[in-house]
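Asker: Below is upload.tsv; it holds TSV, C-alpha atoms.
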```tsv
chain	number	residue	atom	x	y	z
A	798	MET	CA	23.17	-56.71	-152.44
A	799	ARG	CA	24.07	-59.86	-150.53
A	800	VAL	CA	26.06	-57.84	-148.03
A	801	HIS	CA	23.14	-55.43	-147.64
A	802	ARG	CA	20.70	-58.28	-146.92
A	803	SER	CA	23.09	-59.88	-144.42
A	804	GLY	CA	23.51	-56.59	-142.58
A	805	THR	CA	19.76	-56.07	-142.46
A	806	THR	CA	19.27	-59.56	-141.08
A	807	LEU	CA	21.88	-59.05	-138.37
A	808	ALA	CA	20.42	-55.70	-137.40
A	809	GLY	CA	16.94	-57.19	-137.23
A	810	ALA	CA	18.15	-60.01	-135.03
A	811	ALA	CA	19.85	-57.54	-132.69
A	812	LEU	CA	16.68	-55.43	-132.42
A	813	ALA	CA	14.60	-58.53	-131.70
A	814	ALA	CA	16.98	-59.58	-128.94
A	815	LEU	CA	16.84	-56.08	-127.45
A	816	ALA	CA	13.05	-56.13	-127.53
A	817	LEU	CA	13.07	-59.33	-125.51
A	818	LEU	CA	15.26	-57.73	-122.86
A	819	LEU	CA	13.23	-54.54	-122.42
A	820	PRO	CA	10.48	-56.00	-120.18
A	821	LEU	CA	13.12	-57.18	-117.72
A	822	GLY	CA	13.60	-53.63	-116.49
A	823	LEU	CA	17.12	-52.89	-117.69
A	824	PRO	CA	18.42	-49.47	-116.60
A	825	GLY	CA	17.11	-46.70	-118.81
A	826	THR	CA	14.16	-48.67	-120.16
A	827	ALA	CA	10.49	-47.80	-119.76
A	828	ALA	CA	10.02	-50.81	-117.48
A	829	ALA	CA	12.84	-49.65	-115.23
A	830	ALA	CA	11.39	-46.13	-115.11
A	831	GLN	CA	7.99	-47.48	-114.05
A	832	ASP	CA	9.54	-49.68	-111.36
A	833	PRO	CA	12.91	-48.52	-110.00
A	834	GLY	CA	13.10	-51.80	-108.06
A	835	ALA	CA	13.07	-53.92	-111.21
A	836	ARG	CA	15.92	-56.42	-111.38
A	837	GLN	CA	18.12	-57.31	-114.32
A	838	ALA	CA	18.18	-60.99	-113.40
A	839	VAL	CA	15.23	-62.86	-111.93
A	840	PRO	CA	16.24	-65.53	-109.39
A	841	ALA	CA	14.62	-68.93	-109.17
A	842	ARG	CA	11.34	-69.12	-107.26
A	843	GLY	CA	11.97	-70.27	-103.70
A	844	SER	CA	15.46	-68.79	-103.46
A	845	ALA	CA	14.41	-65.60	-101.67
A	846	HIS	CA	15.65	-64.94	-98.16
A	847	MET	CA	15.54	-62.22	-95.54
A	848	GLY	CA	17.20	-59.00	-96.61
A	849	MET	CA	17.66	-60.09	-100.21
A	850	GLY	CA	16.95	-56.57	-101.45
A	851	VAL	CA	18.27	-54.46	-98.58
A	852	ILE	CA	21.73	-53.75	-99.96
A	853	ALA	CA	20.39	-52.85	-103.39
A	854	HIS	CA	17.49	-50.68	-102.23
A	855	ASP	CA	17.95	-49.38	-98.71
A	856	GLY	CA	20.64	-46.82	-97.97
A	857	GLN	CA	21.41	-45.53	-94.50
A	858	GLY	CA	18.64	-43.23	-93.35
A	859	PRO	CA	18.38	-40.57	-90.64
A	860	THR	CA	18.38	-41.54	-86.99
A	861	SER	CA	15.07	-41.30	-85.21
A	862	GLY	CA	15.73	-41.83	-81.52
A	863	ALA	CA	14.20	-45.31	-81.64
A	864	ALA	CA	14.22	-46.85	-78.19
A	865	THR	CA	17.20	-49.17	-77.76
A	866	LEU	CA	17.92	-51.09	-74.56
A	867	ALA	CA	21.44	-51.26	-73.23
A	868	ALA	CA	21.57	-55.04	-73.58
A	869	GLN	CA	21.28	-56.59	-77.03
A	870	THR	CA	21.18	-60.35	-77.65
A	871	GLU	CA	22.82	-61.72	-80.78
A	872	GLY	CA	20.90	-63.90	-83.22
A	873	VAL	CA	20.99	-65.10	-86.82
A	874	ASP	CA	18.54	-65.88	-89.61
A	875	VAL	CA	19.14	-68.61	-92.18
A	876	SER	CA	17.55	-70.21	-95.22
A	877	SER	CA	18.42	-72.91	-97.74
A	878	HIS	CA	21.07	-70.67	-99.30
A	879	ASN	CA	23.12	-71.20	-96.11
A	880	GLY	CA	23.02	-74.99	-96.40
A	881	ASN	CA	24.12	-76.92	-93.32
A	882	VAL	CA	24.88	-74.40	-90.59
A	883	ALA	CA	27.69	-74.74	-88.01
A	884	TRP	CA	25.41	-74.20	-85.03
A	885	SER	CA	28.01	-75.06	-82.38
A	886	THR	CA	30.34	-72.43	-83.81
A	887	LEU	CA	27.59	-69.82	-83.67
A	888	TRP	CA	26.56	-70.79	-80.14
A	889	ASN	CA	30.15	-70.57	-78.92
A	890	SER	CA	30.50	-67.13	-80.51
A	891	GLY	CA	27.58	-65.79	-78.45
A	892	VAL	CA	24.61	-66.33	-80.78
A	893	LYS	CA	21.68	-67.37	-78.61
A	894	TRP	CA	18.66	-67.38	-80.93
A	895	ALA	CA	17.85	-68.11	-84.57
A	896	TYR	CA	15.11	-67.79	-87.16
A	897	VAL	CA	14.92	-70.33	-89.98
A	898	LYS	CA	13.06	-69.86	-93.26
A	899	ALA	CA	10.25	-72.39	-93.44
A	900	THR	CA	8.24	-71.43	-96.51
A	901	GLU	CA	7.71	-69.05	-99.41
A	902	GLY	CA	4.38	-68.32	-101.10
A	903	THR	CA	2.40	-71.56	-101.21
A	904	TYR	CA	4.93	-73.36	-103.39
A	905	TYR	CA	8.23	-73.71	-101.52
A	906	LYS	CA	9.54	-75.37	-98.35
A	907	ASN	CA	13.12	-74.85	-97.14
A	908	THR	CA	15.17	-77.86	-98.25
A	909	SER	CA	17.59	-77.36	-95.33
A	910	PHE	CA	14.85	-76.90	-92.74
A	911	THR	CA	15.48	-79.97	-90.58
A	912	GLN	CA	19.22	-79.39	-90.13
A	913	GLN	CA	18.71	-75.70	-89.44
A	914	TYR	CA	15.65	-75.80	-87.17
A	915	THR	CA	16.63	-78.91	-85.21
A	916	GLY	CA	20.33	-78.06	-85.17
A	917	SER	CA	19.81	-74.63	-83.62
A	918	TYR	CA	17.57	-76.17	-80.96
A	919	ASN	CA	20.02	-78.95	-80.17
A	920	VAL	CA	22.85	-76.53	-79.29
A	921	GLY	CA	20.55	-74.66	-76.90
A	922	MET	CA	19.18	-71.80	-78.97
A	923	ILE	CA	15.69	-70.39	-78.83
A	924	ARG	CA	14.50	-70.59	-82.43
A	925	GLY	CA	11.58	-69.79	-84.68
A	926	THR	CA	10.64	-69.76	-88.35
A	927	TYR	CA	9.80	-67.21	-91.02
A	928	HIS	CA	7.74	-67.04	-94.18
A	929	PHE	CA	8.86	-65.12	-97.28
A	930	ALA	CA	5.72	-63.42	-98.56
A	931	THR	CA	4.75	-63.26	-102.22
A	932	PRO	CA	1.53	-61.21	-102.19
A	933	ASP	CA	1.13	-61.51	-105.96
A	934	THR	CA	0.66	-65.30	-105.93
A	935	THR	CA	-2.02	-66.15	-103.33
A	936	THR	CA	-3.94	-64.55	-100.46
A	937	GLY	CA	-2.41	-63.69	-97.12
A	938	ALA	CA	-4.61	-66.26	-95.37
A	939	ALA	CA	-3.57	-69.01	-97.79
A	940	GLN	CA	0.10	-68.25	-97.19
A	941	ALA	CA	-0.37	-68.14	-93.41
A	942	ASP	CA	-1.98	-71.58	-93.58
A	943	TYR	CA	0.84	-72.93	-95.74
A	944	PHE	CA	3.37	-71.50	-93.29
A	945	VAL	CA	1.72	-72.97	-90.19
A	946	ASN	CA	1.26	-76.33	-91.90
A	947	ASN	CA	4.94	-76.52	-92.88
A	948	GLY	CA	6.99	-75.50	-89.86
A	949	GLY	CA	5.51	-72.14	-88.90
A	950	GLY	CA	3.55	-73.21	-85.87
A	951	TRP	CA	4.17	-72.18	-82.27
A	952	SER	CA	4.18	-73.97	-78.93
A	953	LYS	CA	4.69	-72.58	-75.46
A	954	ASP	CA	7.77	-74.62	-74.65
A	955	GLY	CA	10.03	-71.67	-73.87
A	956	ARG	CA	12.23	-72.42	-76.89
A	957	THR	CA	9.95	-71.48	-79.81
A	958	LEU	CA	9.62	-67.91	-81.07
A	959	PRO	CA	6.47	-66.68	-82.85
A	960	GLY	CA	6.44	-66.86	-86.64
A	961	VAL	CA	7.69	-64.03	-88.82
A	962	LEU	CA	6.16	-62.51	-91.93
A	963	ASP	CA	9.08	-61.46	-94.14
A	964	ILE	CA	7.56	-58.70	-96.30
A	965	GLU	CA	10.06	-56.81	-98.46
A	966	TRP	CA	11.16	-56.15	-102.03
A	967	ASN	CA	9.94	-58.62	-104.61
A	968	PRO	CA	12.98	-60.41	-106.03
A	969	TYR	CA	10.89	-61.77	-108.91
A	970	GLY	CA	9.29	-58.59	-110.24
A	971	ALA	CA	7.74	-55.25	-109.26
A	972	ALA	CA	8.86	-54.13	-105.78
A	973	CYS	CA	5.33	-53.92	-104.38
A	974	TYR	CA	4.07	-57.10	-106.07
A	975	GLY	CA	1.66	-55.08	-108.22
A	976	LYS	CA	-0.39	-53.93	-105.23
A	977	SER	CA	-1.52	-50.49	-104.16
A	978	ALA	CA	-0.65	-49.34	-100.65
A	979	ALA	CA	-4.19	-50.16	-99.48
A	980	GLY	CA	-4.06	-53.53	-101.19
A	981	MET	CA	-0.75	-54.37	-99.53
A	982	VAL	CA	-2.02	-53.40	-96.07
A	983	ALA	CA	-5.07	-55.59	-96.62
A	984	TRP	CA	-2.89	-58.51	-97.69
A	985	ILE	CA	-0.68	-58.21	-94.62
A	986	GLN	CA	-3.76	-57.98	-92.38
A	987	ASP	CA	-5.13	-61.12	-93.99
A	988	PHE	CA	-1.90	-62.97	-93.19
A	989	VAL	CA	-1.47	-61.83	-89.59
A	990	ASN	CA	-5.13	-62.39	-88.76
A	991	ARG	CA	-4.99	-65.98	-89.99
A	992	TYR	CA	-1.67	-66.63	-88.31
A	993	LYS	CA	-3.04	-65.49	-84.95
A	994	ALA	CA	-6.21	-67.53	-85.44
A	995	ARG	CA	-4.09	-70.63	-86.09
A	996	THR	CA	-1.42	-70.15	-83.38
A	997	GLY	CA	-2.71	-67.68	-80.81
A	998	ARG	CA	0.31	-65.45	-81.43
A	999	ASP	CA	0.80	-62.17	-83.26
A	1000	ALA	CA	3.32	-62.66	-86.03
A	1001	VAL	CA	6.51	-60.63	-86.04
A	1002	ILE	CA	6.78	-58.39	-89.12
A	1003	TYR	CA	10.17	-58.18	-90.84
A	1004	THR	CA	10.60	-55.26	-93.22
A	1005	ALA	CA	12.70	-52.23	-94.15
A	1006	THR	CA	11.48	-48.69	-93.57
A	1007	SER	CA	11.99	-47.58	-97.18
A	1008	TRP	CA	10.03	-50.56	-98.55
A	1009	TRP	CA	7.28	-50.06	-95.96
A	1010	LYS	CA	6.90	-46.42	-96.97
A	1011	GLN	CA	6.84	-47.24	-100.66
A	1012	CYS	CA	4.52	-50.22	-100.56
A	1013	THR	CA	2.17	-49.66	-97.59
A	1014	GLY	CA	2.11	-45.85	-97.61
A	1015	ASN	CA	3.88	-46.04	-94.23
A	1016	SER	CA	0.91	-47.69	-92.55
A	1017	SER	CA	0.77	-47.66	-88.75
A	1018	ALA	CA	-1.93	-50.36	-88.66
A	1019	PHE	CA	0.27	-53.09	-87.16
A	1020	ALA	CA	2.40	-51.19	-84.66
A	1021	SER	CA	0.22	-51.93	-81.63
A	1022	THR	CA	0.01	-55.68	-82.22
A	1023	ASN	CA	2.93	-57.04	-84.24
A	1024	PRO	CA	6.55	-56.91	-83.04
A	1025	LEU	CA	8.88	-55.18	-85.53
A	1026	TRP	CA	11.99	-56.75	-87.03
A	1027	ILE	CA	13.71	-53.96	-88.93
A	1028	ALA	CA	16.37	-54.40	-91.62
A	1029	ARG	CA	19.07	-51.72	-91.85
A	1030	TYR	CA	22.71	-52.48	-92.62
A	1031	ALA	CA	24.27	-49.52	-90.89
A	1032	SER	CA	25.79	-48.43	-87.59
A	1033	GLU	CA	22.41	-47.17	-86.34
A	1034	VAL	CA	18.93	-48.55	-86.86
A	1035	GLY	CA	17.64	-45.28	-88.31
A	1036	GLU	CA	14.02	-44.32	-88.90
A	1037	LEU	CA	11.37	-46.91	-88.08
A	1038	PRO	CA	8.07	-47.44	-89.94
A	1039	ALA	CA	5.12	-45.39	-88.71
A	1040	GLY	CA	3.68	-46.23	-85.31
A	1041	TRP	CA	6.45	-48.43	-83.93
A	1042	PRO	CA	8.29	-46.58	-81.12
A	1043	TYR	CA	10.94	-49.29	-80.90
A	1044	TYR	CA	12.17	-52.37	-82.72
A	1045	THR	CA	12.14	-55.87	-81.28
A	1046	ILE	CA	14.86	-57.18	-83.63
A	1047	TRP	CA	17.33	-55.32	-85.85
A	1048	GLN	CA	19.01	-57.13	-88.75
A	1049	TYR	CA	22.15	-55.02	-88.88
A	1050	THR	CA	24.38	-56.90	-91.35
A	1051	SER	CA	24.38	-59.50	-94.11
A	1052	SER	CA	28.12	-60.16	-93.77
A	1053	GLY	CA	28.51	-61.45	-90.24
A	1054	PRO	CA	30.66	-64.40	-89.11
A	1055	THR	CA	29.72	-68.04	-89.84
A	1056	VAL	CA	26.45	-67.02	-91.53
A	1057	GLY	CA	25.92	-63.61	-93.06
A	1058	ASP	CA	22.70	-62.33	-91.52
A	1059	HIS	CA	23.22	-61.23	-87.92
A	1060	ASN	CA	20.72	-59.48	-85.69
A	1061	HIS	CA	20.38	-57.70	-82.37
A	1062	PHE	CA	17.41	-58.57	-80.18
A	1063	ASN	CA	16.43	-55.39	-78.33
A	1064	GLY	CA	17.00	-56.64	-74.80
A	1065	ASP	CA	18.83	-59.26	-72.80
A	1066	TYR	CA	18.30	-63.00	-73.00
A	1067	SER	CA	15.34	-62.85	-70.64
A	1068	ARG	CA	13.51	-60.69	-73.19
A	1069	VAL	CA	14.09	-63.30	-75.90
A	1070	GLN	CA	12.61	-65.88	-73.52
A	1071	ALA	CA	9.65	-63.60	-72.84
A	1072	LEU	CA	8.86	-63.34	-76.56
A	1073	ALA	CA	9.07	-67.12	-76.85
A	1074	ASN	CA	6.68	-67.56	-73.94
A	1075	GLY	CA	4.17	-65.05	-75.24
```
Go ahead and render the structure in this file as structure tokens.
Answerer:
Amino acid sequence: MRVHRSGTTLAGAALAALALLLPLGLPGTAAAAQDPGARQAVPARGSAHMGMGVIAHDGQGPTSGAATLAAQTEGVDVSSHNGNVAWSTLWNSGVKWAYVKATEGTYYKNTSFTQQYTGSYNVGMIRGTYHFATPDTTTGAAQADYFVNNGGGWSKDGRTLPGVLDIEWNPYGAACYGKSAAGMVAWIQDFVNRYKARTGRDAVIYTATSWWKQCTGNSSAFASTNPLWIARYASEVGELPAGWPYYTIWQYTSSGPTVGDHNHFNGDYSRVQALANG
């Protein structure tokens, strides 16, 4: 009888532990079936960065004949996970522009911001900043304000690029942040409207085509106003989200030299300058 009770206790403990794991979206669970983008391990808030979910979620898609200029200008994007960046090494390798994560939600500021933003400028790069969106935490307008107030502003000095809205898979939960396609489009509109009101510039939108289709219903609402930064780790950029005939920036790898995320600007250096100047 003692053995029987011990076995029952152990089995009960195992079932209780399993029950605690189920909501995390482990493969084969109901939670995973409801949200294929669910993650087994939830990272710490603030640790998100551009392209965090691209490898896991976005395979190579069909080509679409997206307009690509002959000249492409190399750039990088960085966040606190890169720490202190060797900007001189990047500059000497041909990298001429950079985007630095400034903020996330309304709760996080990049702890490496000064070294990254000032360092890229000091070696001669044109640079700008980006905001990692968390549409499930606060409104788009609130996050645009937080971004502008903490490094996301713009000035017409010829060296500052317009701010970027990084809108992609949720690393902390459901891929679309619990929003319908219409709700997501409204949230993005709220952000870009406030950003333009604060800075006079249309924000660049960073996304991946597969996420955009899933979470905005492939909206074309922003194609005529907001430059597109597309994420696709492949030899060709592939299909673009609805409405955009061309990309402005293509993040083509997360395993480049010196820092992982490398990008092509769709044009020569004078086009990068033109975007900076508005």
Asker: In terms of the shortest atom-to-atom distance over only C-alpha atoms, which of A:Ala899, A:Val839, A:Ala983, A:Ala1071 is closest to A:Gly955?
Answerer: A:Ala1071
Asker: At what distance in Å, to one decimal, does atom CA of A:Ala1000 lie from atom CA of A:Arg842?
Answerer: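 Going from atom CA of A:Arg842 over to atom CA of A:Ala1000 covers 23.6 Å.
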Asker: Write out as a ChimeraX atom specification which residues come within 8 Å of stretch 876-888 of chain A when counting only C-alpha atoms, dropping same-chain ones fewer than 4 positions away.
Answerer: /A:844,846,892-893,897-899,907-910,912-913,916-917,920-922,1055-1056
Asker: Using all atoms listed in the file, which of the listed residues (A:Trp1047, A:Tyr1003, A:Tyr969, A:Phe1019) sits closest to A:Gln986?
Answerer: A:Phe1019
Asker: Go ahead and compute the interatomic distance for atom CA of A:Leu1072 and atom CA of A:Lys1010, in Å to one decimal.
Answerer: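 Interatomic distance here is 26.6 Å.
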Asker: Report, in Å to a single decimal, how far apart atom CA of A:Ile1027 and atom CA of A:Ile1046 are.
Answerer: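 Interatomic distance here is 6.3 Å.
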Asker: With only C-alpha atoms as the atoms that count, which of A:Met981, A:Ala1073, A:Glu1033, A:Val875 lies nearest to A:Glu965?
Answerer: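 Residue with the minimum atom-to-atom distance to A:Glu965: A:Met981.
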Asker: Residues near A:Asp963, anyone? I mean within 6 Å using all atoms listed in the file, not counting same-chain ones fewer than 3 positions away, as a CSV table (one decimal) with C-alpha atoms, in the coordinates of the input.
Answerer:
```csv
chain,number,residue,atom,x,y,z
A,928,HIS,CA,7.7,-67.0,-94.2
A,929,PHE,CA,8.9,-65.1,-97.3
A,930,ALA,CA,5.7,-63.4,-98.6
A,1003,TYR,CA,10.2,-58.2,-90.8
```
Asker: Between A:Asn1015, A:Phe944, A:Ile1002, A:Pro959, single out the one closest to A:Ala979, counting all atoms listed in the file.
Answerer: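 Of A:Asn1015, A:Phe944, A:Ile1002, A:Pro959, the one nearest A:Ala979, counting all atoms listed in the file, is A:Asn1015.
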Asker: Would you pick out the contacts of A:Pro968 at 12 Å or less, using only C-alpha atoms, so that residues sharing its chain but fewer than 6 positions from it are not included, and give the list as a ChimeraX atom specification?
Answerer: /A:834-851,853-854,929-931,933,974
Asker: Box in all listed atoms of stretch 920-935 of chain A, axis-aligned, with 4 Å more on each side; write out centre and edge lengths in Å to one decimal as AutoDock Vina command-line options.
Answerer:
```
--center_x 10.4 --center_y -68.9 --center_z -91.4 --size_x 32.9 --size_y 23.3 --size_z 37.1
```
Asker: With distances taken over all atoms listed in the file, which residue among A:Gly980, A:Gly937, A:Gly975, A:Gly1035 lies nearest A:Thr1013?
Answerer: A:Gly980
Asker: As number ranges by chain, please: the residues near A:Ala994 (cut-off 12 Å, all atoms listed in the file, same-chain neighbours under 2 positions excluded).
Answerer: A: 938, 941-942, 945, 950-951, 987-992, 996-1000
Asker: Between A:Asp1058, A:Thr1006, A:Gln1011, A:Gln940, single out the one closest to A:Leu1037, counting only C-alpha atoms.
Answerer: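 Going through A:Asp1058, A:Thr1006, A:Gln1011, A:Gln940 one by one, the smallest distance to A:Leu1037 is for A:Thr1006.
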Asker: Residues near A:Gln1048, anyone? I mean within 6 Å using all atoms listed in the file, not counting same-chain ones fewer than 3 positions away, as a list in words.
Answerer: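 Close residues of A:Gln1048: Ala1028, His1059 and Asn1060 of chain A.
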